[in-house]
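Data from upload17.cif: mmCIF, C-alpha atoms and all ligand atoms
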```
data_model
loop_
_atom_site.label_atom_id
_atom_site.label_comp_id
_atom_site.auth_asym_id
_atom_site.auth_seq_id
_atom_site.Cartn_x
_atom_site.Cartn_y
_atom_site.Cartn_z
CA MET A 16 144.81 97.36 175.73
CA SER A 17 148.12 99.05 176.66
CA ARG A 18 149.68 101.63 174.32
CA LEU A 19 152.64 99.27 173.91
CA SER A 20 150.39 96.41 172.80
CA ARG A 21 148.57 98.70 170.38
CA ARG A 22 151.94 99.42 168.73
CA ILE A 23 153.43 95.91 168.80
CA LEU A 24 150.46 93.72 167.89
CA PRO A 25 150.11 94.99 164.26
CA ALA A 26 153.83 94.44 163.70
CA LEU A 27 153.61 90.93 165.15
CA ALA A 28 150.57 90.22 162.97
CA ALA A 29 152.38 91.44 159.87
CA LEU A 30 155.41 89.30 160.77
CA ALA A 31 153.20 86.25 161.27
CA MET A 32 151.46 86.92 157.93
CA GLY A 33 154.88 87.18 156.26
CA VAL A 34 156.03 83.85 157.69
CA VAL A 35 152.76 82.13 156.78
CA ALA A 36 152.87 83.63 153.27
CA ASN A 37 156.46 82.49 152.85
CA HIS A 38 155.73 79.03 154.19
CA SER A 39 152.54 78.69 152.16
CA SER A 40 154.36 79.94 149.01
CA ALA A 41 156.92 77.16 149.53
CA GLN A 42 154.07 74.69 150.15
CA THR A 43 152.20 75.69 146.98
CA PHE A 44 155.32 76.27 144.85
CA PRO A 45 155.35 76.24 141.85
CA THR A 46 152.11 78.02 141.10
CA ARG A 47 152.82 78.53 137.37
CA PRO A 48 155.32 77.46 134.67
CA ILE A 49 158.97 78.07 135.49
CA THR A 50 161.38 79.85 133.13
CA VAL A 51 164.98 78.67 132.98
CA ILE A 52 167.18 81.30 131.34
CA VAL A 53 170.05 79.99 129.22
CA PRO A 54 172.49 82.87 128.65
CA PHE A 55 173.51 81.64 125.19
CA ALA A 56 171.76 81.06 121.86
CA ALA A 57 169.59 78.00 121.28
CA GLY A 58 171.23 74.87 119.92
CA GLY A 59 174.48 75.20 121.86
CA PRO A 60 175.92 73.06 124.66
CA THR A 61 174.38 75.01 127.54
CA ASP A 62 171.00 74.91 125.81
CA THR A 63 171.35 71.15 125.30
CA VAL A 64 172.04 70.53 129.00
CA ALA A 65 169.30 72.93 130.09
CA ARG A 66 166.54 71.43 127.94
CA LEU A 67 167.28 67.91 129.19
CA VAL A 68 167.27 69.06 132.83
CA ALA A 69 164.24 71.35 132.43
CA GLU A 70 162.07 68.56 131.02
CA GLN A 71 162.81 66.24 133.92
CA MET A 72 162.51 68.95 136.60
CA GLY A 73 159.09 69.78 135.21
CA ARG A 74 157.98 66.19 135.76
CA ASP A 75 159.01 66.33 139.41
CA LEU A 76 157.54 69.80 140.02
CA GLY A 77 154.29 69.19 138.18
CA GLN A 78 154.68 72.40 136.17
CA ALA A 79 156.22 73.13 132.77
CA VAL A 80 159.85 74.26 132.99
CA VAL A 81 160.52 76.31 129.86
CA VAL A 82 163.95 77.33 128.52
CA GLU A 83 164.37 80.94 127.39
CA ASN A 84 167.59 81.78 125.49
CA VAL A 85 168.98 85.21 126.41
CA GLY A 86 172.34 85.35 124.64
CA GLY A 87 174.95 88.08 124.36
CA ALA A 88 177.94 89.60 126.16
CA GLY A 89 179.49 86.26 127.06
CA GLY A 90 176.46 85.11 129.04
CA THR A 91 176.15 88.22 131.23
CA LEU A 92 172.89 89.44 129.65
CA GLY A 93 171.05 86.27 130.63
CA ALA A 94 172.64 86.24 134.08
CA GLN A 95 171.62 89.87 134.59
CA ARG A 96 168.03 89.08 133.56
CA THR A 97 167.91 86.33 136.19
CA ALA A 98 169.49 88.43 138.95
CA SER A 99 166.80 91.10 138.45
CA ALA A 100 163.86 88.67 138.31
CA ARG A 101 161.31 88.29 141.13
CA PRO A 102 162.86 85.88 143.69
CA ASP A 103 159.79 83.61 143.75
CA GLY A 104 161.41 80.51 142.21
CA HIS A 105 159.70 80.87 138.83
CA THR A 106 162.75 82.35 137.05
CA LEU A 107 165.99 80.39 137.16
CA LEU A 108 169.36 80.34 135.40
CA ILE A 109 171.43 77.46 134.07
CA HIS A 110 174.97 78.69 133.47
CA HIS A 111 178.43 77.22 133.46
CA ILE A 112 182.01 78.00 134.54
CA GLY A 113 181.39 81.55 133.33
CA MET A 114 179.78 82.14 136.74
CA SER A 115 183.33 81.80 138.13
CA THR A 116 185.22 83.82 135.53
CA ILE A 117 182.75 86.68 134.91
CA PRO A 118 183.21 88.23 138.40
CA THR A 119 186.85 88.94 137.45
CA LEU A 120 186.54 89.38 133.67
CA TYR A 121 183.76 92.00 133.89
CA ARG A 122 184.53 95.00 136.10
CA ARG A 123 181.42 97.09 135.33
CA LEU A 124 178.31 94.89 135.50
CA SER A 125 174.78 96.13 136.26
CA TYR A 126 174.26 93.18 138.59
CA ASP A 127 176.25 91.41 141.33
CA PRO A 128 177.75 88.34 139.59
CA VAL A 129 178.17 86.46 142.87
CA ASN A 130 175.75 87.85 145.45
CA GLY A 131 172.93 88.22 142.93
CA PHE A 132 172.13 84.50 142.99
CA GLU A 133 171.10 81.60 145.21
CA PRO A 134 172.93 78.46 144.03
CA VAL A 135 170.53 75.54 143.70
CA GLY A 136 172.94 72.81 142.68
CA LEU A 137 175.61 71.54 140.30
CA ILE A 138 174.41 69.64 137.21
CA THR A 139 177.28 68.23 135.16
CA GLU A 140 180.91 68.73 134.10
CA VAL A 141 181.44 68.67 130.33
CA PRO A 142 184.70 68.03 128.45
CA MET A 143 185.83 70.28 125.58
CA THR A 144 187.09 69.40 122.13
CA ILE A 145 189.39 71.27 119.77
CA ILE A 146 187.72 71.22 116.35
CA GLY A 147 188.32 72.83 112.96
CA LYS A 148 186.56 73.32 109.65
CA ARG A 149 186.75 70.25 107.39
CA ASN A 150 189.28 71.70 104.94
CA LEU A 151 191.61 73.19 107.55
CA ALA A 152 195.19 72.39 106.46
CA ALA A 153 196.03 70.29 109.53
CA ASN A 154 195.42 66.53 109.88
CA ASN A 155 196.19 66.23 113.59
CA LEU A 156 196.92 68.34 116.67
CA GLN A 157 200.66 68.53 115.97
CA GLU A 158 200.00 69.87 112.44
CA LEU A 159 197.39 72.25 113.89
CA VAL A 160 199.97 73.64 116.34
CA THR A 161 202.39 74.20 113.43
CA LEU A 162 199.66 75.85 111.34
CA VAL A 163 198.50 78.12 114.17
CA ARG A 164 202.06 79.20 114.99
CA ARG A 165 202.67 80.01 111.32
CA GLU A 166 199.38 81.71 110.44
CA ARG A 167 198.62 83.38 113.84
CA GLN A 168 196.00 86.09 113.22
CA GLY A 169 195.28 84.50 109.87
CA ILE A 170 193.35 81.85 111.85
CA ASN A 171 189.76 82.75 112.89
CA LEU A 172 188.86 81.28 116.28
CA ALA A 173 185.13 81.22 117.12
CA ASN A 174 183.79 81.75 120.64
CA ALA A 175 180.63 82.88 122.42
CA GLY A 176 182.02 86.11 123.81
CA VAL A 177 184.26 87.04 126.73
CA GLY A 178 183.36 84.83 129.69
CA ALA A 179 182.13 81.93 127.59
CA ALA A 180 183.66 78.48 127.98
CA SER A 181 184.82 78.64 124.36
CA HIS A 182 186.52 81.96 125.15
CA LEU A 183 188.24 80.49 128.21
CA CYS A 184 189.41 77.40 126.33
CA GLY A 185 190.56 79.57 123.43
CA LEU A 186 192.56 81.76 125.84
CA LEU A 187 194.27 78.71 127.35
CA PHE A 188 194.96 77.28 123.85
CA GLN A 189 196.53 80.54 122.63
CA SER A 190 198.61 81.06 125.75
CA ALA A 191 199.81 77.43 125.64
CA LEU A 192 201.09 78.08 122.09
CA ASN A 193 202.07 81.69 122.79
CA VAL A 194 200.06 82.96 119.82
CA GLN A 195 197.26 85.50 119.30
CA LEU A 196 194.54 84.38 116.86
CA THR A 197 191.66 86.41 115.43
CA THR A 198 188.63 85.71 117.61
CA VAL A 199 185.10 85.80 116.18
CA PRO A 200 182.39 86.16 118.88
CA TYR A 201 178.88 84.66 118.53
CA ARG A 202 175.78 84.67 120.79
CA GLY A 203 176.51 81.00 121.44
CA THR A 204 178.53 78.13 120.04
CA GLY A 205 175.38 76.75 118.44
CA PRO A 206 175.46 79.47 115.73
CA ALA A 207 179.27 79.34 115.73
CA MET A 208 179.11 75.64 114.85
CA ASN A 209 177.02 76.47 111.77
CA ASP A 210 179.83 78.70 110.47
CA LEU A 211 182.49 76.11 111.32
CA VAL A 212 180.60 73.42 109.40
CA GLY A 213 180.10 75.96 106.61
CA GLY A 214 183.81 76.68 106.58
CA THR A 215 183.52 80.43 107.21
CA VAL A 216 185.37 80.19 110.54
CA ASP A 217 188.47 78.05 111.11
CA LEU A 218 188.70 76.76 114.67
CA MET A 219 186.79 76.42 117.92
CA CYS A 220 187.14 74.88 121.36
CA ASP A 221 183.68 73.71 122.38
CA GLN A 222 181.91 71.32 124.68
CA THR A 223 181.18 67.73 123.70
CA THR A 224 177.45 68.38 124.26
CA ASN A 225 177.65 70.44 121.05
CA THR A 226 180.47 68.78 119.10
CA THR A 227 179.96 65.02 119.52
CA GLU A 228 177.35 64.61 116.79
CA GLN A 229 179.25 66.84 114.34
CA ILE A 230 182.47 64.90 114.99
CA ARG A 231 180.70 61.58 114.43
CA ALA A 232 179.12 62.93 111.23
CA GLY A 233 182.52 64.09 109.95
CA THR A 234 181.28 67.64 109.31
CA VAL A 235 184.22 69.07 111.28
CA ARG A 236 187.82 68.02 111.96
CA ALA A 237 188.37 66.86 115.55
CA TYR A 238 191.88 67.28 116.96
CA ALA A 239 191.69 66.52 120.67
CA VAL A 240 189.57 66.23 123.79
CA THR A 241 190.57 68.11 126.95
CA THR A 242 190.15 65.23 129.43
CA PRO A 243 192.92 63.21 131.10
CA THR A 244 191.75 60.05 129.30
CA ARG A 245 189.81 59.38 126.09
CA LEU A 246 186.01 59.46 126.12
CA GLY A 247 183.91 56.33 125.61
CA SER A 248 181.62 58.47 123.44
CA LEU A 249 184.52 59.47 121.12
CA PRO A 250 187.04 56.61 121.49
CA ASP A 251 189.05 57.56 118.38
CA LEU A 252 189.64 61.15 119.52
CA PRO A 253 193.01 61.52 121.26
CA THR A 254 193.41 63.59 124.38
CA ALA A 255 195.39 66.82 124.11
CA ASN A 256 197.86 65.17 126.49
CA GLU A 257 198.69 62.30 124.11
CA ALA A 258 198.37 64.36 120.92
CA GLY A 259 201.06 66.88 121.74
CA MET A 260 199.68 69.41 124.24
CA PRO A 261 200.42 67.81 127.62
CA GLY A 262 198.52 69.36 130.53
CA PHE A 263 195.90 70.99 128.31
CA GLU A 264 192.87 69.89 130.34
CA ILE A 265 189.64 71.77 131.02
CA SER A 266 186.08 70.73 131.83
CA ILE A 267 183.03 72.99 131.93
CA TRP A 268 180.75 72.61 134.92
CA HIS A 269 177.10 73.74 134.74
CA GLY A 270 174.93 74.85 137.68
CA LEU A 271 171.38 75.94 138.44
CA TYR A 272 170.64 79.27 140.17
CA ALA A 273 167.72 81.30 141.48
CA PRO A 274 167.75 85.07 142.10
CA ARG A 275 169.13 86.23 145.47
CA GLY A 276 166.27 86.43 147.99
CA THR A 277 164.50 83.27 146.81
CA SER A 278 163.37 81.57 150.03
CA PRO A 279 165.47 78.64 151.33
CA GLU A 280 162.35 76.46 151.23
CA ILE A 281 161.83 77.12 147.51
CA VAL A 282 165.55 76.73 146.77
CA ALA A 283 165.45 73.38 148.60
CA ARG A 284 162.39 72.28 146.59
CA LEU A 285 164.15 73.23 143.35
CA SER A 286 167.23 71.27 144.42
CA THR A 287 165.07 68.20 145.14
CA ALA A 288 163.60 68.50 141.63
CA LEU A 289 167.10 68.91 140.15
CA GLN A 290 168.32 65.80 141.95
CA ALA A 291 165.29 63.85 140.70
CA ALA A 292 166.08 65.03 137.14
CA LEU A 293 169.69 63.91 137.45
CA ARG A 294 168.53 60.43 138.52
CA ASP A 295 166.46 60.00 135.36
CA PRO A 296 167.91 57.08 133.30
CA GLY A 297 167.03 58.73 129.97
CA LEU A 298 168.80 61.96 130.89
CA THR A 299 171.83 59.97 132.10
CA ARG A 300 171.99 58.01 128.84
CA ARG A 301 171.77 61.19 126.76
CA PHE A 302 174.46 62.90 128.86
CA GLN A 303 176.74 59.86 128.51
CA ASP A 304 176.19 59.73 124.75
CA LEU A 305 177.38 63.35 124.63
CA GLY A 306 180.53 62.70 126.66
CA THR A 307 179.38 63.70 130.12
CA GLU A 308 177.15 62.53 132.99
CA PRO A 309 175.07 63.95 135.84
CA VAL A 310 177.01 64.89 138.98
CA ALA A 311 176.58 62.84 142.16
CA GLN A 312 173.44 63.76 144.08
CA GLU A 313 175.32 65.30 146.99
CA ARG A 314 176.83 67.90 144.63
CA ALA A 315 173.39 68.99 143.35
CA THR A 316 172.59 70.75 146.64
CA PRO A 317 172.64 74.50 147.44
CA ASP A 318 175.36 74.31 150.08
CA ALA A 319 177.63 72.01 148.07
CA HIS A 320 177.35 74.18 144.98
CA ARG A 321 177.88 77.43 146.91
CA THR A 322 181.11 76.04 148.38
CA PHE A 323 182.28 74.72 144.98
CA TRP A 324 181.36 77.94 143.13
CA GLN A 325 182.96 80.33 145.64
CA ALA A 326 186.20 78.30 145.56
CA ASP A 327 186.17 78.37 141.74
CA VAL A 328 185.69 82.16 141.62
CA ALA A 329 188.75 82.46 143.88
CA ARG A 330 190.70 79.96 141.73
CA TRP A 331 190.14 81.83 138.46
CA ARG A 332 190.65 85.39 139.81
CA PRO A 333 194.52 85.35 139.90
CA ILE A 334 194.70 83.43 136.58
CA ILE A 335 192.57 86.04 134.79
CA GLN A 336 194.29 88.97 136.51
CA ALA A 337 197.70 87.59 135.47
CA ALA A 338 196.48 87.28 131.85
CA GLY A 339 195.37 90.93 132.07
CA GLN A 340 192.58 90.46 129.52
CA PHE A 341 189.27 91.84 130.77
CA ALA A 342 185.89 92.30 129.10
CA ASP A 343 185.56 95.98 130.02
C1 LIG A 401 176.83 77.81 124.54
O1 LIG A 401 175.94 77.21 125.13
O2 LIG A 401 176.65 78.48 123.49
C2 LIG A 401 178.22 77.74 125.08
O3 LIG A 401 178.20 77.33 126.44
C3 LIG A 401 178.91 79.04 124.90
C4 LIG A 401 180.25 78.94 125.56
O4 LIG A 401 180.26 79.06 126.78
O5 LIG A 401 181.22 78.70 124.85
#
```

Kindly present the structure from the file in C-alpha cells form.
Ligand code: MLT
Amino acid sequence: MSRLSRRILPALAALAMGVVANHSSAQTFPTRPITVIVPFAAGGPTDTVARLVAEQMGRDLGQAVVVENVGGAGGTLGAQRTASARPDGHTLLIHHIGMSTIPTLYRRLSYDPVNGFEPVGLITEVPMTIIGKRNLAANNLQELVTLVRRERQGINLANAGVGAASHLCGLLFQSALNVQLTTVPYRGTGPAMNDLVGGTVDLMCDQTTNTTEQIRAGTVRAYAVTTPTRLGSLPDLPTANEAGMPGFEISIWHGLYAPRGTSPEIVARLSTALQAALRDPGLTRRFQDLGTEPVAQERATPDAHRTFWQADVARWRPIIQAAGQFAD
C-alpha cells in the first residue's frame, strides 16, 4: 500500500463513518423524548401554543415531546439554553416575534440570536388585546386613552420583560399616545395575568391565546383587539382601529427552532412532524377558539421560515434603533 493511501484511507473511512452516523441518526431520530423550551413562564400564551403543538408532534414522531419553561430576561434565557444545547434534534425552542426584536434590543448576549438556530417552521400568528383590571376607571378605549394621558406613570403596565410581545405592544401603545407608563416585568404573561385579575397591576397588552378565556369570564376589562377586523372568537371586542386608535395593529408570530448545527435531515423530519401537528383538527379548533389558527403548511418549512424571520429581523431593526430603547 502506497504511503499516500496509508494517509488518506483512514480519513476517508472516518468521513464515511461520519456520513453514515449522520444518516443513520436521521433515520433513527428521535431516539428519546424531545424537550421543547418555552422561554416564558408556564400558563402564558407561548406555553399554550407550545403544549398544543408538542402533543401533536409527539404523535407523529413516536416520542414524547415535553415542554420545559425557561423564563426570564424577555425570553433570552430560554433561547440561550436552546442555542447551547446539543444539535441532535432532541432540544428545540418555540419562541415568537421576540426572535426578530431581540437581535437589536440586546447588544450583549452570550449567544448568537440569529445564527445560533436552525429554523424549523412557522406555527401561528396570534392577535393581541388591550386589557385592564376590572375596576380600572375606563369603560372603553377612548376613556382608557384619556386616563392614560392623565395618569401617565401612575398606570402600571405589565409585560414579560424587554423583548417580549407584551413589551413590544406596550412600547407601540405608549408611543402612539406619547406617554411613558410604569412597566412591571414578569417571567411571562401567565403570572402577569394573575396580578391583573387580582387588581394589583392596571393594564397589559397580551395575546388572545392568554386573554380570551379571561375576557369571556369577565375577570378583566377588554378594550380592543389589534387586528384589522374583529375576531370571531371575541365578536363583541372592537378593533383598536374602530375604537379610537387607528392603525394600531400587531400580531405575534410563533416559530419552532433547533440549535445551529442540527442536521438538515433531522430539521426536515421535525418540520414534517410540525406540519402534521398543524393539520390536526383538534389543534386547529383550539387555536381558532383562542383567536388564531395554524399557518399554511408551506410556511411551516425551514426555508420559508428562515426567509420570513430574516426579513422580520431587518424590519424591526430601524424601528427599535429609532426608539432608542435597548435592553442592555
Ligand atoms: C408569554 O408566553 O408569557 C408571552 O409570550 C410573553 C410575552 O411575549 O409577552

- Kindly work out which residues sit at most 6 Å from ligand LIG 401 (chain A), using only C-alpha atoms and all ligand atoms, and give the list as a PyMOL selection string. chain A and resi 55-56+59-62+174-175+179-181+203-205

- Query: What is the CA of Ile49 in chain A-CA of Arg294 in chain A distance in Å, reported with one decimal?
  - Reply: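 Those two atoms sit 20.3 Å apart.
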
Which residues of range 83-150 of chain A have any atom within 12 Å of an atom in range 313-327 of chain A when counting only C-alpha atoms, and what is the closest pair of atoms for each, with the distance in Å to one decimal? Order the rows by chain and rising number and write it as CSV.
```
residue,atom,partner,partner_atom,distance
A:His110,CA,A:Trp324,CA,11.6
A:His111,CA,A:Trp324,CA,10.1
A:Ile112,CA,A:Asp327,CA,8.3
A:Gly113,CA,A:Asp327,CA,10.2
A:Met114,CA,A:Trp324,CA,7.8
A:Ser115,CA,A:Asp327,CA,5.7
A:Thr116,CA,A:Asp327,CA,8.3
A:Ile117,CA,A:Asp327,CA,11.3
A:Pro118,CA,A:Gln325,CA,10.7
A:Thr119,CA,A:Asp327,CA,11.4
A:Pro128,CA,A:Gln325,CA,11.3
A:Val129,CA,A:Gln325,CA,8.3
A:Asn130,CA,A:Gln325,CA,10.4
A:Phe132,CA,A:Arg321,CA,9.9
A:Glu133,CA,A:Pro317,CA,7.6
A:Pro134,CA,A:Pro317,CA,5.2
A:Val135,CA,A:Pro317,CA,4.4
A:Gly136,CA,A:Ala315,CA,3.9
A:Leu137,CA,A:Ala315,CA,4.6
A:Ile138,CA,A:Ala315,CA,6.3
A:Thr139,CA,A:Ala315,CA,9.1
A:Glu140,CA,A:Arg314,CA,11.3
```

Write out, as a short mmCIF file (atom, residue, chain, number, x, y, z; two decimals), in the coordinates of the input, the residues just selected, with C-alpha atoms.
```cif
data_model
loop_
_atom_site.label_atom_id
_atom_site.label_comp_id
_atom_site.auth_asym_id
_atom_site.auth_seq_id
_atom_site.Cartn_x
_atom_site.Cartn_y
_atom_site.Cartn_z
CA HIS A 110 174.97 78.69 133.47
CA HIS A 111 178.43 77.22 133.46
CA ILE A 112 182.01 78.00 134.54
CA GLY A 113 181.39 81.55 133.33
CA MET A 114 179.78 82.14 136.74
CA SER A 115 183.33 81.80 138.13
CA THR A 116 185.22 83.82 135.53
CA ILE A 117 182.75 86.68 134.91
CA PRO A 118 183.21 88.23 138.40
CA THR A 119 186.85 88.94 137.45
CA PRO A 128 177.75 88.34 139.59
CA VAL A 129 178.17 86.46 142.87
CA ASN A 130 175.75 87.85 145.45
CA PHE A 132 172.13 84.50 142.99
CA GLU A 133 171.10 81.60 145.21
CA PRO A 134 172.93 78.46 144.03
CA VAL A 135 170.53 75.54 143.70
CA GLY A 136 172.94 72.81 142.68
CA LEU A 137 175.61 71.54 140.30
CA ILE A 138 174.41 69.64 137.21
CA THR A 139 177.28 68.23 135.16
CA GLU A 140 180.91 68.73 134.10
#
```

- Item | Who sits within 10 Å of Val80 in chain A, only C-alpha atoms, same chain under 3 positions skipped, as a PyMOL selection string | chain A and resi 47-51+65-66+68-74+76-77+83+105-107

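Between CA of Ser125 in chain A and CA of His182 in chain A the interatomic distance comes to 21.5 Å.
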
- Item | d(CA of Thr97 in chain A, CA of Arg275 in chain A) in Å |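 Result for CA of Thr97 in chain A versus CA of Arg275 in chain A: 9.4 Å, one decimal.
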
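With all atoms listed in the file as the basis for measurement, A:Pro142 is the residue among A:Gly213, A:Pro142, A:Pro309, A:Pro296 that approaches Pro243 in chain A most closely.
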
- Message: Calculated over all atoms listed in the file, which of the candidates A:Ala258, A:Leu192, A:Leu305, A:Leu186 has the smallest distance to Ile335 in chain A?
- Response: A:Leu186

- Query: Between A:Gly262, A:Arg284, A:Thr307, A:Phe302, which one has atoms that come closest to Thr43 in chain A, using only C-alpha atoms?
  - Reply: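 Residue with the minimum atom-to-atom distance to Thr43 in chain A: A:Arg284.
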
- Query: Arg236 in chain A: which residues within 9 Å, counting only C-alpha atoms, same-chain residues fewer than 4 positions away excluded, as a ChimeraX atom specification?
  - Reply: /A:145-151,153-155,229-230

Any chance you can output those residues with C-alpha atoms as a PDB file, in the frame of the given file?
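In the end it all went to again_11.pdb:
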```pdb
ATOM      1  CA  ILE A 145     189.390  71.270 119.770  1.00  0.00           C
ATOM      2  CA  ILE A 146     187.720  71.220 116.350  1.00  0.00           C
ATOM      3  CA  GLY A 147     188.320  72.830 112.960  1.00  0.00           C
ATOM      4  CA  LYS A 148     186.560  73.320 109.650  1.00  0.00           C
ATOM      5  CA  ARG A 149     186.750  70.250 107.390  1.00  0.00           C
ATOM      6  CA  ASN A 150     189.280  71.700 104.940  1.00  0.00           C
ATOM      7  CA  LEU A 151     191.610  73.190 107.550  1.00  0.00           C
ATOM      8  CA  ALA A 153     196.030  70.290 109.530  1.00  0.00           C
ATOM      9  CA  ASN A 154     195.420  66.530 109.880  1.00  0.00           C
ATOM     10  CA  ASN A 155     196.190  66.230 113.590  1.00  0.00           C
ATOM     11  CA  GLN A 229     179.250  66.840 114.340  1.00  0.00           C
ATOM     12  CA  ILE A 230     182.470  64.900 114.990  1.00  0.00           C
TER      13      ILE A 230
END
```

- Message: Can you tell me which residues surround Leu252 in chain A at a distance of at most 8 Å, considering only C-alpha atoms, apart from same-chain residues fewer than 6 positions away, and format the answer as a list in words?
- Response: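 Non-adjacent residues within range: Ala237, Tyr238, Ala239, Val240, Arg245 and Leu246 of chain A.
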
- Message: Ranking A:Ala207, A:Cys220, A:Val177, A:Ile170 by minimum distance to Glu264 in chain A and counting only C-alpha atoms, which one comes first?
- Response: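 Checking each of A:Ala207, A:Cys220, A:Val177, A:Ile170 against Glu264 in chain A, counting only C-alpha atoms, the winner is A:Cys220.
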
- Message: Quick one: residues within 10 Å of Ala41 in chain A, all atoms listed in the file, excluding same-chain residues fewer than 5 positions away - as a list of chain:residue names?
- Response: A:Val35, A:Ala36, A:Thr46, A:Asp103, A:Gly104, A:Ser278, A:Pro279, A:Glu280, A:Ile281, A:Val282, A:Ala283, A:Arg284

Dump of C-alpha atoms for the selected residues, as an mmCIF file, in the frame of the given file:
```
data_model
loop_
_atom_site.group_PDB
_atom_site.id
_atom_site.type_symbol
_atom_site.label_atom_id
_atom_site.label_comp_id
_atom_site.auth_asym_id
_atom_site.auth_seq_id
_atom_site.Cartn_x
_atom_site.Cartn_y
_atom_site.Cartn_z
ATOM 1 C CA VAL A 35 152.760 82.130 156.780
ATOM 2 C CA ALA A 36 152.870 83.630 153.270
ATOM 3 C CA THR A 46 152.110 78.020 141.100
ATOM 4 C CA ASP A 103 159.790 83.610 143.750
ATOM 5 C CA GLY A 104 161.410 80.510 142.210
ATOM 6 C CA SER A 278 163.370 81.570 150.030
ATOM 7 C CA PRO A 279 165.470 78.640 151.330
ATOM 8 C CA GLU A 280 162.350 76.460 151.230
ATOM 9 C CA ILE A 281 161.830 77.120 147.510
ATOM 10 C CA VAL A 282 165.550 76.730 146.770
ATOM 11 C CA ALA A 283 165.450 73.380 148.600
ATOM 12 C CA ARG A 284 162.390 72.280 146.590
#
```

- Message: Show me the residues close to (196.3, 88.6, 110.7) - anything with an atom within 10 Å, counting all atoms listed in the file - and format the list as a ChimeraX atom specification.
- Response: /A:166-171,195-197

- Considering only C-alpha atoms, state which residue in the set A:Thr198, A:Ile334, A:Ala88, A:Asp304 is at the smallest distance from Arg231 in chain A. A:Asp304

Kindly output range 82-96 of chain A as a PDB file, in the frame of the given file, after building N, CA and C atoms.
```pdb
ATOM      1  N   VAL A  82     162.651  76.669 128.740  1.00  0.00           N
ATOM      2  CA  VAL A  82     163.950  77.330 128.520  1.00  0.00           C
ATOM      3  C   VAL A  82     163.736  78.604 127.698  1.00  0.00           C
ATOM      4  N   GLU A  83     164.366  79.687 128.172  1.00  0.00           N
ATOM      5  CA  GLU A  83     164.370  80.940 127.390  1.00  0.00           C
ATOM      6  C   GLU A  83     165.838  81.315 127.121  1.00  0.00           C
ATOM      7  N   ASN A  84     166.209  81.436 125.844  1.00  0.00           N
ATOM      8  CA  ASN A  84     167.590  81.780 125.490  1.00  0.00           C
ATOM      9  C   ASN A  84     167.766  83.301 125.503  1.00  0.00           C
ATOM     10  N   VAL A  85     168.675  83.771 126.341  1.00  0.00           N
ATOM     11  CA  VAL A  85     168.980  85.210 126.410  1.00  0.00           C
ATOM     12  C   VAL A  85     170.487  85.332 126.200  1.00  0.00           C
ATOM     13  N   GLY A  86     170.919  85.362 124.944  1.00  0.00           N
ATOM     14  CA  GLY A  86     172.340  85.350 124.640  1.00  0.00           C
ATOM     15  C   GLY A  86     172.930  86.757 124.615  1.00  0.00           C
ATOM     16  N   GLY A  87     174.275  86.796 124.508  1.00  0.00           N
ATOM     17  CA  GLY A  87     174.950  88.080 124.360  1.00  0.00           C
ATOM     18  C   GLY A  87     175.882  88.387 125.517  1.00  0.00           C
ATOM     19  N   ALA A  88     176.964  89.104 125.172  1.00  0.00           N
ATOM     20  CA  ALA A  88     177.940  89.600 126.160  1.00  0.00           C
ATOM     21  C   ALA A  88     178.498  88.468 127.015  1.00  0.00           C
ATOM     22  N   GLY A  89     178.803  87.354 126.366  1.00  0.00           N
ATOM     23  CA  GLY A  89     179.490  86.260 127.060  1.00  0.00           C
ATOM     24  C   GLY A  89     178.662  85.614 128.148  1.00  0.00           C
ATOM     25  N   GLY A  90     177.325  85.745 128.049  1.00  0.00           N
ATOM     26  CA  GLY A  90     176.460  85.110 129.040  1.00  0.00           C
ATOM     27  C   GLY A  90     176.006  86.058 130.138  1.00  0.00           C
ATOM     28  N   THR A  91     176.509  87.300 130.124  1.00  0.00           N
ATOM     29  CA  THR A  91     176.150  88.220 131.230  1.00  0.00           C
ATOM     30  C   THR A  91     174.755  88.804 131.052  1.00  0.00           C
ATOM     31  N   LEU A  92     174.245  88.882 129.817  1.00  0.00           N
ATOM     32  CA  LEU A  92     172.890  89.440 129.650  1.00  0.00           C
ATOM     33  C   LEU A  92     171.851  88.522 130.284  1.00  0.00           C
ATOM     34  N   GLY A  93     171.999  87.237 130.051  1.00  0.00           N
ATOM     35  CA  GLY A  93     171.050  86.270 130.630  1.00  0.00           C
ATOM     36  C   GLY A  93     171.184  86.185 132.139  1.00  0.00           C
ATOM     37  N   ALA A  94     172.418  86.276 132.625  1.00  0.00           N
ATOM     38  CA  ALA A  94     172.640  86.240 134.080  1.00  0.00           C
ATOM     39  C   ALA A  94     172.021  87.476 134.725  1.00  0.00           C
ATOM     40  N   GLN A  95     172.178  88.615 134.055  1.00  0.00           N
ATOM     41  CA  GLN A  95     171.620  89.870 134.590  1.00  0.00           C
ATOM     42  C   GLN A  95     170.096  89.806 134.632  1.00  0.00           C
ATOM     43  N   ARG A  96     169.501  89.209 133.583  1.00  0.00           N
ATOM     44  CA  ARG A  96     168.030  89.080 133.560  1.00  0.00           C
ATOM     45  C   ARG A  96     167.552  88.252 134.756  1.00  0.00           C
TER      46      ARG A  96
END
```
